[in-house]
Amino acid sequence: MTHVPAAVARNTKNAAAETVNFRGSKMESRVEEAVALFKEGYNCAQSVFGAYADLFGMDKETALKLASPMGAGIGRMREVCGTVSAMALLSGLKDGNVDPKDRDAKTKTYEIVRTMSDEFAGENGSIICRELLGILSREKSAMPAERTEEYYKVRPCVKLVRSAAQIVEKQLLLEEAPGQTVTTNWSKL
């Protein structure tokens, strides 16, 4: 069994965090938890998936393991951004199809993934990791880059993790109460 650090096992609190309605209860936004996970050294997919998977019945350790190969554009191949993969996985935990003959359920699943991916591309210009990073081709090595101050200065990954987490909350978590509009203001985060 892998040890999950205490900082990861609990929700990272942020005084400026928004409150969202989810499954009839108010909860604190986890956008900054996703960012904190990335800054701790987890990859982009782990950071987004790990911040929310428990809301859908998956423990943190399993979530981190499951999302780990999706980082850096799937295994550092710089294909689909790991944050986008994490959003898709989370949508599957929430509303995934389990009946292979249920075309309506498959359609619903694909529609939410497309909606989230389109929103991400609209905000960030692409869903492809190498395009987001300005890299021309796949990395030659699977070895991840060392996380240094310079890394965080030149890579847009923190912004992308934040963007994906906001989309997860908007598309998968926010629920309007009858007669009430739920709003969030992530620009201050």
# chains A, B, ... in the order shown; residues from 1 in each chain; ligands from 1
$ closest_atom_pairs --of "stretch 52-152 of chain A" --to "stretch 161-166 of chain A" --cutoff "10 Å" --atoms "only C-alpha atoms" --output "tab-separated table"
residue	atom	partner	partner_atom	distance
A:Tyr52	CA	A:Ala165	CA	8.7
A:Cys81	CA	A:Val161	CA	9.8
A:Gly82	CA	A:Val161	CA	8.9
A:Thr83	CA	A:Ala164	CA	5.9
A:Val84	CA	A:Ala164	CA	6.8
A:Ser85	CA	A:Ala164	CA	9.8
A:Ala86	CA	A:Ala164	CA	8.4
A:Met87	CA	A:Ala164	CA	6.9
A:Met116	CA	A:Ala164	CA	8.3
A:Ser117	CA	A:Ala164	CA	9.0
A:Glu119	CA	A:Ala164	CA	9.1
A:Phe120	CA	A:Ala164	CA	6.7
A:Glu123	CA	A:Ser163	CA	7.7
A:Asn124	CA	A:Ser163	CA	8.3
$ select_by_dssp --residues "chain A" --states "helix (DSSP H, G or I)" --output "compact mmCIF listing (two decimals) with N, CA and C atoms, in the first residue's frame"
# COMPACT_ATOMS: atom_id res chain seq x y z
N ALA A 6 -0.28 13.39 4.25
CA ALA A 6 -1.41 13.98 4.95
C ALA A 6 -1.96 15.19 4.21
N ALA A 7 -1.08 15.97 3.59
CA ALA A 7 -1.52 17.16 2.86
C ALA A 7 -2.41 16.79 1.69
N VAL A 8 -2.23 15.60 1.15
CA VAL A 8 -3.04 15.15 0.03
C VAL A 8 -4.32 14.52 0.54
N ALA A 9 -4.25 13.83 1.63
CA ALA A 9 -5.40 13.11 2.17
C ALA A 9 -6.52 14.04 2.62
N VAL A 31 -10.71 23.94 -6.37
CA VAL A 31 -9.80 24.41 -7.42
C VAL A 31 -8.39 24.57 -6.87
N GLU A 32 -8.27 25.23 -5.73
CA GLU A 32 -6.93 25.45 -5.17
C GLU A 32 -6.30 24.16 -4.64
N GLU A 33 -7.12 23.19 -4.26
CA GLU A 33 -6.57 21.88 -3.88
C GLU A 33 -5.91 21.23 -5.09
N ALA A 34 -6.55 21.31 -6.24
CA ALA A 34 -5.97 20.75 -7.47
C ALA A 34 -4.63 21.43 -7.78
N VAL A 35 -4.60 22.75 -7.66
CA VAL A 35 -3.36 23.49 -7.91
C VAL A 35 -2.29 23.09 -6.90
N ALA A 36 -2.67 22.96 -5.64
CA ALA A 36 -1.71 22.57 -4.60
C ALA A 36 -1.13 21.18 -4.87
N LEU A 37 -1.97 20.26 -5.32
CA LEU A 37 -1.46 18.92 -5.65
C LEU A 37 -0.42 19.01 -6.76
N PHE A 38 -0.67 19.83 -7.78
CA PHE A 38 0.30 19.98 -8.86
C PHE A 38 1.61 20.57 -8.32
N LYS A 39 1.50 21.57 -7.49
CA LYS A 39 2.70 22.21 -6.94
C LYS A 39 3.47 21.28 -6.00
N GLU A 40 2.79 20.28 -5.44
CA GLU A 40 3.47 19.28 -4.61
C GLU A 40 4.28 18.31 -5.46
N CYS A 44 -0.36 16.69 -13.91
CA CYS A 44 -1.57 17.46 -14.18
C CYS A 44 -2.84 16.62 -14.03
N ALA A 45 -2.83 15.41 -14.56
CA ALA A 45 -4.01 14.55 -14.47
C ALA A 45 -4.29 14.15 -13.03
N GLN A 46 -3.25 13.76 -12.30
CA GLN A 46 -3.42 13.38 -10.90
C GLN A 46 -3.98 14.55 -10.09
N SER A 47 -3.52 15.75 -10.38
CA SER A 47 -3.91 16.92 -9.61
C SER A 47 -5.41 17.20 -9.74
N VAL A 48 -5.93 17.15 -10.95
CA VAL A 48 -7.35 17.41 -11.15
C VAL A 48 -8.18 16.21 -10.68
N PHE A 49 -7.81 15.02 -11.12
CA PHE A 49 -8.58 13.82 -10.76
C PHE A 49 -8.54 13.58 -9.24
N GLY A 50 -7.37 13.73 -8.65
CA GLY A 50 -7.20 13.49 -7.22
C GLY A 50 -7.96 14.47 -6.34
N ALA A 51 -8.19 15.67 -6.82
CA ALA A 51 -8.91 16.66 -6.04
C ALA A 51 -10.41 16.37 -5.93
N TYR A 52 -10.95 15.59 -6.86
CA TYR A 52 -12.41 15.39 -6.93
C TYR A 52 -12.89 13.94 -6.86
N ALA A 53 -12.03 12.97 -7.09
CA ALA A 53 -12.48 11.58 -7.22
C ALA A 53 -13.24 11.08 -6.00
N ASP A 54 -12.87 11.54 -4.81
CA ASP A 54 -13.56 11.06 -3.60
C ASP A 54 -15.04 11.44 -3.60
N LEU A 55 -15.40 12.50 -4.31
CA LEU A 55 -16.80 12.91 -4.38
C LEU A 55 -17.65 11.89 -5.11
N PHE A 56 -17.00 11.02 -5.87
CA PHE A 56 -17.69 10.00 -6.65
C PHE A 56 -17.36 8.59 -6.15
N LYS A 60 -8.45 8.49 -2.45
CA LYS A 60 -7.38 9.33 -3.00
C LYS A 60 -6.24 8.51 -3.59
N GLU A 61 -5.81 7.46 -2.89
CA GLU A 61 -4.69 6.65 -3.39
C GLU A 61 -5.02 6.01 -4.74
N THR A 62 -6.20 5.41 -4.84
CA THR A 62 -6.61 4.80 -6.11
C THR A 62 -6.71 5.86 -7.20
N ALA A 63 -7.24 7.02 -6.86
CA ALA A 63 -7.38 8.10 -7.83
C ALA A 63 -6.00 8.53 -8.36
N LEU A 64 -5.05 8.69 -7.46
CA LEU A 64 -3.71 9.12 -7.87
C LEU A 64 -3.04 8.07 -8.75
N LYS A 65 -3.23 6.80 -8.41
CA LYS A 65 -2.66 5.72 -9.24
C LYS A 65 -3.30 5.68 -10.62
N LEU A 66 -4.64 5.74 -10.64
CA LEU A 66 -5.36 5.64 -11.91
C LEU A 66 -5.00 6.77 -12.87
N ALA A 67 -4.87 7.98 -12.35
CA ALA A 67 -4.59 9.14 -13.19
C ALA A 67 -3.12 9.28 -13.55
N SER A 68 -2.24 8.61 -12.83
CA SER A 68 -0.79 8.84 -13.03
C SER A 68 -0.30 8.64 -14.47
N PRO A 69 -0.75 7.65 -15.23
CA PRO A 69 -0.23 7.51 -16.60
C PRO A 69 -0.77 8.55 -17.57
N MET A 70 -1.79 9.31 -17.16
CA MET A 70 -2.42 10.27 -18.07
C MET A 70 -1.69 11.60 -18.12
N GLY A 71 -0.75 11.83 -17.19
CA GLY A 71 -0.05 13.10 -17.12
C GLY A 71 0.86 13.36 -18.31
N ALA A 72 1.15 14.65 -18.51
CA ALA A 72 2.05 15.11 -19.57
C ALA A 72 1.56 14.65 -20.95
N GLY A 73 0.28 14.72 -21.14
CA GLY A 73 -0.28 14.34 -22.44
C GLY A 73 -0.24 12.85 -22.69
N ILE A 74 -0.55 12.07 -21.68
CA ILE A 74 -0.55 10.60 -21.67
C ILE A 74 0.89 10.07 -21.77
N GLY A 82 -3.28 16.13 -19.82
CA GLY A 82 -3.71 15.30 -18.70
C GLY A 82 -4.88 15.87 -17.93
N THR A 83 -5.00 17.20 -17.89
CA THR A 83 -6.15 17.79 -17.20
C THR A 83 -7.45 17.47 -17.93
N VAL A 84 -7.39 17.41 -19.25
CA VAL A 84 -8.57 17.07 -20.05
C VAL A 84 -8.92 15.60 -19.84
N SER A 85 -7.92 14.75 -19.81
CA SER A 85 -8.15 13.33 -19.51
C SER A 85 -8.79 13.17 -18.13
N ALA A 86 -8.31 13.94 -17.16
CA ALA A 86 -8.88 13.87 -15.81
C ALA A 86 -10.34 14.31 -15.80
N MET A 87 -10.66 15.37 -16.54
CA MET A 87 -12.06 15.80 -16.62
C MET A 87 -12.93 14.69 -17.19
N ALA A 88 -12.44 14.02 -18.24
CA ALA A 88 -13.20 12.92 -18.85
C ALA A 88 -13.39 11.78 -17.87
N LEU A 89 -12.35 11.41 -17.15
CA LEU A 89 -12.45 10.34 -16.16
C LEU A 89 -13.45 10.70 -15.06
N LEU A 90 -13.42 11.94 -14.60
CA LEU A 90 -14.37 12.37 -13.56
C LEU A 90 -15.81 12.33 -14.07
N SER A 91 -16.00 12.71 -15.34
CA SER A 91 -17.36 12.65 -15.88
C SER A 91 -17.85 11.20 -15.94
N GLY A 92 -16.92 10.28 -16.20
CA GLY A 92 -17.27 8.87 -16.20
C GLY A 92 -17.64 8.37 -14.81
N LEU A 93 -16.93 8.84 -13.79
CA LEU A 93 -17.30 8.46 -12.42
C LEU A 93 -18.68 8.99 -12.06
N LYS A 94 -19.00 10.17 -12.55
CA LYS A 94 -20.30 10.75 -12.21
C LYS A 94 -21.44 10.11 -13.00
N ASP A 95 -21.30 10.07 -14.32
CA ASP A 95 -22.41 9.66 -15.18
C ASP A 95 -22.01 8.62 -16.21
N ARG A 103 -27.27 3.36 -25.94
CA ARG A 103 -26.68 4.40 -26.79
C ARG A 103 -26.96 5.80 -26.24
N ASP A 104 -28.11 5.99 -25.59
CA ASP A 104 -28.41 7.30 -25.01
C ASP A 104 -27.43 7.65 -23.89
N ALA A 105 -27.11 6.67 -23.06
CA ALA A 105 -26.15 6.91 -21.98
C ALA A 105 -24.76 7.20 -22.54
N LYS A 106 -24.37 6.47 -23.58
CA LYS A 106 -23.08 6.73 -24.23
C LYS A 106 -23.05 8.14 -24.79
N THR A 107 -24.14 8.53 -25.44
CA THR A 107 -24.22 9.87 -26.02
C THR A 107 -24.09 10.94 -24.95
N LYS A 108 -24.79 10.75 -23.82
CA LYS A 108 -24.72 11.71 -22.72
C LYS A 108 -23.28 11.82 -22.21
N THR A 109 -22.61 10.70 -22.06
CA THR A 109 -21.23 10.71 -21.59
C THR A 109 -20.33 11.47 -22.56
N TYR A 110 -20.46 11.17 -23.84
CA TYR A 110 -19.63 11.83 -24.85
C TYR A 110 -19.94 13.33 -24.94
N GLU A 111 -21.21 13.69 -24.78
CA GLU A 111 -21.58 15.10 -24.86
C GLU A 111 -20.94 15.92 -23.75
N ILE A 112 -20.93 15.41 -22.53
CA ILE A 112 -20.33 16.17 -21.43
C ILE A 112 -18.82 16.27 -21.62
N VAL A 113 -18.19 15.21 -22.10
CA VAL A 113 -16.74 15.27 -22.36
C VAL A 113 -16.45 16.31 -23.43
N ARG A 114 -17.25 16.33 -24.48
CA ARG A 114 -17.06 17.32 -25.55
C ARG A 114 -17.29 18.74 -25.03
N THR A 115 -18.31 18.92 -24.22
CA THR A 115 -18.60 20.24 -23.66
C THR A 115 -17.42 20.73 -22.83
N MET A 116 -16.92 19.87 -21.94
CA MET A 116 -15.79 20.27 -21.10
C MET A 116 -14.53 20.52 -21.93
N SER A 117 -14.27 19.66 -22.90
CA SER A 117 -13.09 19.82 -23.76
C SER A 117 -13.18 21.09 -24.59
N ASP A 118 -14.36 21.37 -25.12
CA ASP A 118 -14.55 22.60 -25.90
C ASP A 118 -14.35 23.84 -25.03
N GLU A 119 -14.86 23.80 -23.82
CA GLU A 119 -14.68 24.93 -22.91
C GLU A 119 -13.20 25.12 -22.59
N PHE A 120 -12.50 24.01 -22.34
CA PHE A 120 -11.06 24.08 -22.04
C PHE A 120 -10.30 24.65 -23.24
N ALA A 121 -10.60 24.16 -24.43
CA ALA A 121 -9.93 24.66 -25.64
C ALA A 121 -10.25 26.13 -25.87
N GLY A 122 -11.47 26.54 -25.59
CA GLY A 122 -11.84 27.94 -25.74
C GLY A 122 -11.06 28.85 -24.80
N GLU A 123 -10.81 28.37 -23.59
CA GLU A 123 -10.06 29.16 -22.60
C GLU A 123 -8.56 29.13 -22.85
N ASN A 124 -8.06 27.99 -23.38
CA ASN A 124 -6.61 27.78 -23.42
C ASN A 124 -6.02 27.62 -24.82
N CYS A 129 -1.49 18.75 -25.36
CA CYS A 129 -0.42 19.15 -24.46
C CYS A 129 0.70 19.89 -25.17
N ARG A 130 1.24 19.32 -26.23
CA ARG A 130 2.40 19.96 -26.90
C ARG A 130 2.03 21.33 -27.46
N GLU A 131 0.80 21.50 -27.92
CA GLU A 131 0.36 22.81 -28.41
C GLU A 131 0.25 23.80 -27.26
N LEU A 132 -0.26 23.35 -26.13
CA LEU A 132 -0.38 24.21 -24.95
C LEU A 132 0.99 24.64 -24.44
N LEU A 133 1.98 23.74 -24.58
CA LEU A 133 3.34 24.03 -24.10
C LEU A 133 4.23 24.66 -25.17
N GLU A 149 11.80 26.33 -9.65
CA GLU A 149 11.15 27.63 -9.80
C GLU A 149 11.05 28.00 -11.28
N GLU A 150 12.09 27.70 -12.04
CA GLU A 150 12.10 28.00 -13.47
C GLU A 150 11.00 27.22 -14.20
N TYR A 151 10.82 25.95 -13.82
CA TYR A 151 9.76 25.12 -14.41
C TYR A 151 8.42 25.83 -14.29
N TYR A 152 8.11 26.29 -13.07
CA TYR A 152 6.82 26.91 -12.83
C TYR A 152 6.69 28.26 -13.53
N LYS A 153 7.81 28.94 -13.78
CA LYS A 153 7.78 30.23 -14.48
C LYS A 153 7.45 30.07 -15.96
N VAL A 154 7.96 29.01 -16.60
CA VAL A 154 7.81 28.88 -18.05
C VAL A 154 6.67 27.97 -18.48
N CYS A 157 1.23 25.01 -16.85
CA CYS A 157 0.48 23.89 -16.28
C CYS A 157 -0.36 24.26 -15.07
N VAL A 158 0.11 25.15 -14.21
CA VAL A 158 -0.69 25.56 -13.06
C VAL A 158 -1.99 26.21 -13.55
N LYS A 159 -1.89 27.07 -14.55
CA LYS A 159 -3.06 27.72 -15.13
C LYS A 159 -4.00 26.69 -15.74
N LEU A 160 -3.45 25.67 -16.39
CA LEU A 160 -4.27 24.64 -17.03
C LEU A 160 -4.97 23.76 -15.99
N VAL A 161 -4.27 23.43 -14.91
CA VAL A 161 -4.89 22.68 -13.81
C VAL A 161 -6.05 23.48 -13.23
N ARG A 162 -5.82 24.77 -13.00
CA ARG A 162 -6.86 25.63 -12.45
C ARG A 162 -8.06 25.69 -13.41
N SER A 163 -7.79 25.87 -14.68
CA SER A 163 -8.85 25.94 -15.69
C SER A 163 -9.69 24.66 -15.70
N ALA A 164 -9.04 23.52 -15.72
CA ALA A 164 -9.75 22.24 -15.74
C ALA A 164 -10.57 22.04 -14.46
N ALA A 165 -10.00 22.40 -13.32
CA ALA A 165 -10.73 22.25 -12.05
C ALA A 165 -11.97 23.14 -12.03
N GLN A 166 -11.86 24.34 -12.56
CA GLN A 166 -13.02 25.22 -12.63
C GLN A 166 -14.10 24.63 -13.53
N ILE A 167 -13.68 24.05 -14.64
CA ILE A 167 -14.64 23.42 -15.56
C ILE A 167 -15.30 22.21 -14.90
N VAL A 168 -14.54 21.41 -14.18
CA VAL A 168 -15.12 20.27 -13.45
C VAL A 168 -16.20 20.76 -12.51
N GLU A 169 -15.90 21.80 -11.76
CA GLU A 169 -16.90 22.29 -10.80
C GLU A 169 -18.12 22.85 -11.51
N LYS A 170 -17.91 23.57 -12.59
CA LYS A 170 -19.03 24.15 -13.33
C LYS A 170 -19.88 23.08 -14.00
N GLN A 171 -19.25 22.10 -14.63
CA GLN A 171 -19.98 21.12 -15.44
C GLN A 171 -20.42 19.88 -14.67
N LEU A 172 -19.68 19.49 -13.64
CA LEU A 172 -19.99 18.24 -12.94
C LEU A 172 -20.50 18.43 -11.52
N LEU A 173 -20.17 19.55 -10.88
CA LEU A 173 -20.51 19.69 -9.47
C LEU A 173 -21.60 20.70 -9.17
N TRP A 186 -14.27 32.63 -9.97
CA TRP A 186 -12.94 32.03 -9.87
C TRP A 186 -11.83 32.99 -10.26
N SER A 187 -12.17 34.15 -10.84
CA SER A 187 -11.14 35.06 -11.28
C SER A 187 -10.29 35.56 -10.12
N LYS A 188 -10.84 35.56 -8.90
CA LYS A 188 -10.06 36.03 -7.76
C LYS A 188 -9.18 34.94 -7.16
$ select_by_dssp --residues "chain A" --states "strand (DSSP E or B)" --output "ChimeraX atom specification"
/A:19-22,25-28,80,128
$ write_last_selection --atoms "all heavy atoms" --output "CSV table (one decimal), in the first residue's frame"
chain,number,residue,atom,x,y,z
A,19,THR,N,-18.1,28.5,-2.5
A,19,THR,CA,-18.9,27.4,-2.0
A,19,THR,C,-19.8,27.0,-3.2
A,19,THR,O,-20.3,27.8,-3.9
A,19,THR,CB,-19.8,27.9,-0.9
A,19,THR,OG1,-18.9,28.3,0.2
A,19,THR,CG2,-20.6,26.7,-0.4
A,20,VAL,N,-19.8,25.7,-3.4
A,20,VAL,CA,-20.7,25.2,-4.5
A,20,VAL,C,-21.7,24.2,-3.9
A,20,VAL,O,-21.4,23.6,-2.9
A,20,VAL,CB,-19.8,24.5,-5.6
A,20,VAL,CG1,-18.9,25.5,-6.3
A,20,VAL,CG2,-19.0,23.3,-5.1
A,21,ASN,N,-22.8,24.0,-4.6
A,21,ASN,CA,-23.8,23.0,-4.2
A,21,ASN,C,-23.5,21.8,-5.0
A,21,ASN,O,-23.4,21.8,-6.2
A,21,ASN,CB,-25.2,23.5,-4.5
A,21,ASN,CG,-25.7,24.6,-3.7
A,21,ASN,OD1,-25.4,24.7,-2.5
A,21,ASN,ND2,-26.4,25.6,-4.2
A,22,PHE,N,-23.4,20.7,-4.2
A,22,PHE,CA,-23.1,19.4,-4.9
A,22,PHE,C,-23.9,18.3,-4.1
A,22,PHE,O,-23.8,18.2,-2.9
A,22,PHE,CB,-21.6,19.1,-4.8
A,22,PHE,CG,-21.3,17.7,-5.4
A,22,PHE,CD1,-21.5,17.5,-6.7
A,22,PHE,CD2,-20.8,16.7,-4.6
A,22,PHE,CE1,-21.2,16.2,-7.3
A,22,PHE,CE2,-20.5,15.5,-5.1
A,22,PHE,CZ,-20.7,15.2,-6.5
A,25,SER,N,-25.7,19.4,-1.0
A,25,SER,CA,-24.9,19.9,0.1
A,25,SER,C,-24.0,21.0,-0.4
A,25,SER,O,-23.5,20.9,-1.5
A,25,SER,CB,-24.1,18.9,0.8
A,25,SER,OG,-24.9,17.8,1.3
A,26,LYS,N,-23.7,22.0,0.5
A,26,LYS,CA,-22.7,23.0,0.1
A,26,LYS,C,-21.3,22.4,0.4
A,26,LYS,O,-21.1,21.7,1.4
A,26,LYS,CB,-22.9,24.2,0.9
A,26,LYS,CG,-24.2,25.0,0.5
A,26,LYS,CD,-24.3,26.3,1.1
A,26,LYS,CE,-25.5,27.0,0.6
A,26,LYS,NZ,-25.4,28.4,0.4
A,27,MET,N,-20.4,22.7,-0.5
A,27,MET,CA,-19.0,22.3,-0.3
A,27,MET,C,-18.1,23.4,-0.7
A,27,MET,O,-18.5,24.2,-1.6
A,27,MET,CB,-18.7,21.0,-1.0
A,27,MET,CG,-18.8,21.0,-2.5
A,27,MET,SD,-18.1,19.6,-3.3
A,27,MET,CE,-16.5,20.2,-3.6
A,28,GLU,N,-16.9,23.4,-0.2
A,28,GLU,CA,-15.9,24.4,-0.6
A,28,GLU,C,-15.3,24.0,-2.0
A,28,GLU,O,-15.1,22.8,-2.3
A,28,GLU,CB,-14.8,24.4,0.4
A,28,GLU,CG,-13.9,25.7,0.3
A,28,GLU,CD,-13.0,25.8,1.5
A,28,GLU,OE1,-13.6,26.0,2.6
A,28,GLU,OE2,-11.8,25.6,1.3
A,80,VAL,N,-3.2,14.4,-25.7
A,80,VAL,CA,-4.3,15.1,-25.0
A,80,VAL,C,-3.8,15.5,-23.6
A,80,VAL,O,-3.3,14.7,-22.8
A,80,VAL,CB,-5.6,14.2,-24.9
A,80,VAL,CG1,-6.6,14.9,-24.0
A,80,VAL,CG2,-6.1,13.9,-26.3
A,128,ILE,N,-4.5,19.8,-26.7
A,128,ILE,CA,-3.3,19.0,-27.0
A,128,ILE,C,-2.1,19.6,-26.2
A,128,ILE,O,-1.7,20.8,-26.3
A,128,ILE,CB,-3.0,19.0,-28.5
A,128,ILE,CG1,-4.1,18.5,-29.3
A,128,ILE,CG2,-1.7,18.2,-28.8
A,128,ILE,CD1,-4.6,17.1,-28.9
$ atom_distance --atom1 "atom CA of A:Pro144" --atom2 "atom CA of A:Asn43"
9.2 Å
$ atom_distance --atom1 "atom CA of A:Glu79" --atom2 "atom CA of A:Asn97"
24.7 Å
$ atom_distance --atom1 "atom CA of A:Met77" --atom2 "atom CA of A:Gly134"
13.6 Å
